[in-house]
Amino acid sequence: MAFDVLWLSQADIDTLGITMLEIMDEVERGFVAQGRGDIEMPAKIGIHTRKDCFNHSMPCYVGGELDMAGVKVVSGYPPNQKKGLPYITGIWCLLDPETGLVRAVMDAAWITAWRTGAASGVYARHFGSPDTKSVAIIGLGVQGRMNLRAMIEVFPHISEVRMFDPIAGQSARYQTDMQPLLPGAAFVECANPKDCVANSDVIITCSPIVEKPQRYVRAEWLKADCLAIAVDYDSAFDAETMSKAVSFTTDNAGQYLWTQEHGVYFQNGYPDKAGLHSDLGEICAGTKAGVRTGRRTAVLMGIALDDVMTGHLIYQKALERKIGTWVQL
Ligand SMILES: NC(=O)c1ccc[n+]([C@@H]2O[C@H](COP(=O)([O-])OP(=O)(O)OC[C@H]3O[C@@H](n4cnc5c(N)ncnc54)[C@H](O)[C@@H]3O)[C@@H](O)[C@H]2O)c1
């Protein structure tokens, strides 16, 4: 028996005009559900066909009044940059929570790009200083762009963006794309990570995740009052940045601790259970409060919950606007 499935390409999703603020609000609603204990989300599992490359499977059910489910199949291949291919690719499936039927299949690169920036934005909403003026971005690819977009939504007084990327030309391309969003800000190309983070109020690292991290950003280089967000697991910030912070937060405590216990990440001095201040479920549901002074740090791994909240929003907008292609399964 055949049934209808909505196919949404990256170009389809682009035409919907969904904003970073809308996605931040949806992702935050998801974290509230997490904090209430309303989600079922195993830690992501994966295979690794090449060194430093991953293919992950990421299912999540958001229960309660939201009642949404989905699963993502996503790949991350750092060598793709040299081949002119995207680092992150994949598909996301919307599942009917009543029947389990696949309702939609859509591009997961778009979802991953935007929901990851949005999760950083939600963290910054609760931990950021309203006086934030200087933002440092290390790794000037897709996430470097999305994370700055989210910071623009949270911090109205950004006057400086400090940039570091080891690949020639990345800073110039980044500035061309991002300056229109912050016309009055100075974009400063930095020769090394140390110069990039100096005196910055917010530091976000978006470089490739590697199994043997260099952890090339040192705690001693950071301002006493700053927000340090790792989008790239433990590849960039040293252990002291995280373990000696006034608060260390992650998106989902269970997944962080599972990953630390079962994998190669978050070893050698990264905070364990005792060192965890909070996860975003606790913060957004209000069972723990954010902190706004001192060095506040976060590892935001990117979780299937973010995908469900974003994918469902896309599906609703696509139905309203009659975008996409119906196919039969
Ligand atoms: N936490 C999450 O939810 C989540 C989601 C998506 C991607 N990611 C991770 O974010 C990172 C960036 O992903 P992306 O999609 O922006 O990739 P991308 O390929 O678009 O960008 C990566 C950038 O890092 C630069 N780079 C390479 N080596 C570097 C180094 N040693 N120091 C600093 N910069 C370096 C590259 O030149 C490139 O500009 C990856 O580690 C990816 O796995 C995390």
# chains A, B, ... in the order shown; residues from 1 in each chain; ligands from 1
>>> residues_around(residues="stretch 177-181 of chain A", least_positions_apart="3", cutoff="12 Å", atoms="only C-alpha atoms", output="ChimeraX atom specification")
/A:137,140-142,144-153,156,158-161,163,170-174,184-188
>>> closest_atom_pairs(of="chain A", to="ligand 1", cutoff="7 Å", atoms="only C-alpha atoms and all ligand atoms", output="CSV")
residue,atom,partner,partner_atom_place_in_ligand_line,distance
A:Gly76,CA,ligand 1,43 (O),6.0
A:Pro78,CA,ligand 1,19 (O),6.4
A:Gln81,CA,ligand 1,19 (O),6.0
A:Pro86,CA,ligand 1,19 (O),6.5
A:Tyr87,CA,ligand 1,19 (O),4.8
A:Ile88,CA,ligand 1,15 (O),5.5
A:Thr112,CA,ligand 1,6 (C),5.6
A:Ala113,CA,ligand 1,6 (C),6.0
A:Thr116,CA,ligand 1,3 (O),4.6
A:Ile138,CA,ligand 1,33 (C),5.3
A:Gly139,CA,ligand 1,34 (N),3.6
A:Leu140,CA,ligand 1,39 (O),4.1
A:Gly141,CA,ligand 1,21 (O),3.3
A:Val142,CA,ligand 1,16 (O),3.7
A:Gln143,CA,ligand 1,16 (O),3.6
A:Gly144,CA,ligand 1,16 (O),5.8
A:Phe164,CA,ligand 1,33 (C),6.5
A:Asp165,CA,ligand 1,34 (N),4.4
A:Pro166,CA,ligand 1,35 (C),5.7
A:Ile167,CA,ligand 1,37 (O),4.8
A:Gln170,CA,ligand 1,39 (O),6.0
A:Cys206,CA,ligand 1,11 (C),4.3
A:Ser207,CA,ligand 1,24 (O),3.9
A:Pro208,CA,ligand 1,41 (O),3.4
A:Ile209,CA,ligand 1,41 (O),3.9
A:Val231,CA,ligand 1,1 (N),4.2
A:Asp232,CA,ligand 1,41 (O),4.2
A:Tyr233,CA,ligand 1,1 (N),6.7
A:Leu300,CA,ligand 1,1 (N),5.1
A:Met301,CA,ligand 1,1 (N),3.8
A:Gly302,CA,ligand 1,3 (O),2.9
A:Ile303,CA,ligand 1,3 (O),6.5
>>> atom_distance(atom1="atom CA of A:Glu261", atom2="atom CA of A:Phe248")
17.7 Å
>>> residues_around(residues="A:Asp307", least_positions_apart="6", cutoff="10 Å", atoms="only C-alpha atoms", output="VMD selection string")
chain A and resid 27 30 58 to 60 69 to 72 92 to 94 108 111 to 112 114 to 116 313
>>> select_by_dssp(residues="stretch 1-104 of chain A", states="strand (DSSP E)", output="NGL selection string")
:A and (4-8 or 39-40 or 45-47 or 54-62 or 68-76 or 88-95 or 102-104)
>>> write_last_selection(atoms="N, CA and C atoms", output="short mmCIF file (atom, residue, chain, number, x, y, z; two decimals), in the first residue's frame")
data_model
loop_
_atom_site.label_atom_id
_atom_site.label_comp_id
_atom_site.auth_asym_id
_atom_site.auth_seq_id
_atom_site.Cartn_x
_atom_site.Cartn_y
_atom_site.Cartn_z
N ASP A 4 1.59 8.95 0.83
CA ASP A 4 2.23 10.18 0.37
C ASP A 4 3.27 10.70 1.36
N VAL A 5 4.38 11.13 0.78
CA VAL A 5 5.48 11.70 1.58
C VAL A 5 5.88 13.03 0.92
N LEU A 6 6.08 14.06 1.73
CA LEU A 6 6.50 15.36 1.18
C LEU A 6 8.02 15.43 1.13
N TRP A 7 8.55 15.65 -0.07
CA TRP A 7 9.99 15.77 -0.29
C TRP A 7 10.35 17.25 -0.34
N LEU A 8 11.28 17.67 0.52
CA LEU A 8 11.67 19.09 0.57
C LEU A 8 13.18 19.21 0.37
N ILE A 39 10.93 14.11 26.65
CA ILE A 39 11.49 13.63 25.37
C ILE A 39 12.13 12.25 25.52
N GLU A 40 12.12 11.51 24.40
CA GLU A 40 12.86 10.27 24.32
C GLU A 40 13.94 10.47 23.26
N ILE A 45 24.20 7.58 17.56
CA ILE A 45 25.12 6.48 17.26
C ILE A 45 25.72 6.73 15.89
N GLY A 46 26.88 6.12 15.62
CA GLY A 46 27.49 6.42 14.34
C GLY A 46 28.42 5.35 13.83
N ILE A 47 28.75 5.51 12.53
CA ILE A 47 29.82 4.72 11.93
C ILE A 47 30.84 5.71 11.39
N PHE A 54 32.22 11.11 10.13
CA PHE A 54 31.16 10.37 10.82
C PHE A 54 29.89 10.29 9.97
N ASN A 55 29.12 9.22 10.22
CA ASN A 55 27.73 9.13 9.75
C ASN A 55 26.91 8.81 10.99
N HIS A 56 26.05 9.75 11.38
CA HIS A 56 25.27 9.59 12.61
C HIS A 56 23.81 9.30 12.31
N SER A 57 23.18 8.57 13.22
CA SER A 57 21.73 8.39 13.19
C SER A 57 21.18 9.03 14.46
N MET A 58 20.17 9.90 14.30
CA MET A 58 19.72 10.72 15.44
C MET A 58 18.19 10.77 15.52
N PRO A 59 17.57 9.85 16.26
CA PRO A 59 16.12 9.88 16.45
C PRO A 59 15.72 10.66 17.70
N CYS A 60 14.50 11.21 17.69
CA CYS A 60 13.98 11.86 18.90
C CYS A 60 12.45 11.91 18.85
N TYR A 61 11.84 11.64 19.99
CA TYR A 61 10.40 11.85 20.15
C TYR A 61 10.20 12.94 21.20
N VAL A 62 9.44 13.97 20.85
CA VAL A 62 9.09 15.03 21.80
C VAL A 62 7.64 14.79 22.17
N MET A 68 5.81 15.16 18.59
CA MET A 68 6.49 15.19 17.28
C MET A 68 7.64 14.19 17.32
N ALA A 69 7.92 13.58 16.15
CA ALA A 69 9.02 12.62 16.11
C ALA A 69 9.76 12.73 14.78
N GLY A 70 11.04 12.40 14.83
CA GLY A 70 11.82 12.43 13.60
C GLY A 70 13.16 11.75 13.79
N VAL A 71 13.82 11.51 12.67
CA VAL A 71 15.16 10.91 12.73
C VAL A 71 16.02 11.49 11.62
N LYS A 72 17.26 11.78 11.97
CA LYS A 72 18.20 12.35 11.00
C LYS A 72 19.30 11.35 10.69
N VAL A 73 19.67 11.29 9.42
CA VAL A 73 20.89 10.57 9.01
C VAL A 73 21.82 11.64 8.48
N VAL A 74 22.95 11.83 9.14
CA VAL A 74 23.81 12.96 8.80
C VAL A 74 25.27 12.54 8.75
N SER A 75 25.98 13.08 7.75
CA SER A 75 27.41 12.80 7.60
C SER A 75 28.22 14.08 7.81
N GLY A 76 29.41 13.93 8.37
CA GLY A 76 30.35 15.04 8.49
C GLY A 76 31.71 14.58 7.99
N ILE A 88 28.88 18.95 5.95
CA ILE A 88 27.70 18.29 6.52
C ILE A 88 26.67 18.03 5.41
N THR A 89 26.21 16.79 5.29
CA THR A 89 25.13 16.44 4.35
C THR A 89 24.22 15.41 5.01
N GLY A 90 22.99 15.27 4.50
CA GLY A 90 22.11 14.23 5.05
C GLY A 90 20.65 14.50 4.79
N ILE A 91 19.80 13.63 5.36
CA ILE A 91 18.35 13.80 5.25
C ILE A 91 17.73 13.70 6.64
N TRP A 92 16.56 14.34 6.78
CA TRP A 92 15.81 14.24 8.04
C TRP A 92 14.39 13.77 7.69
N CYS A 93 13.88 12.80 8.46
CA CYS A 93 12.54 12.25 8.22
C CYS A 93 11.61 12.66 9.34
N LEU A 94 10.45 13.19 8.98
CA LEU A 94 9.39 13.46 9.96
C LEU A 94 8.53 12.21 10.07
N LEU A 95 8.35 11.72 11.30
CA LEU A 95 7.56 10.52 11.52
C LEU A 95 6.23 10.87 12.16
N VAL A 102 6.37 7.65 7.63
CA VAL A 102 7.20 8.80 7.26
C VAL A 102 6.30 9.83 6.57
N ARG A 103 6.23 11.04 7.10
CA ARG A 103 5.37 12.09 6.52
C ARG A 103 6.14 13.01 5.58
N ALA A 104 7.42 13.22 5.89
CA ALA A 104 8.23 14.11 5.06
C ALA A 104 9.69 13.67 5.12
#
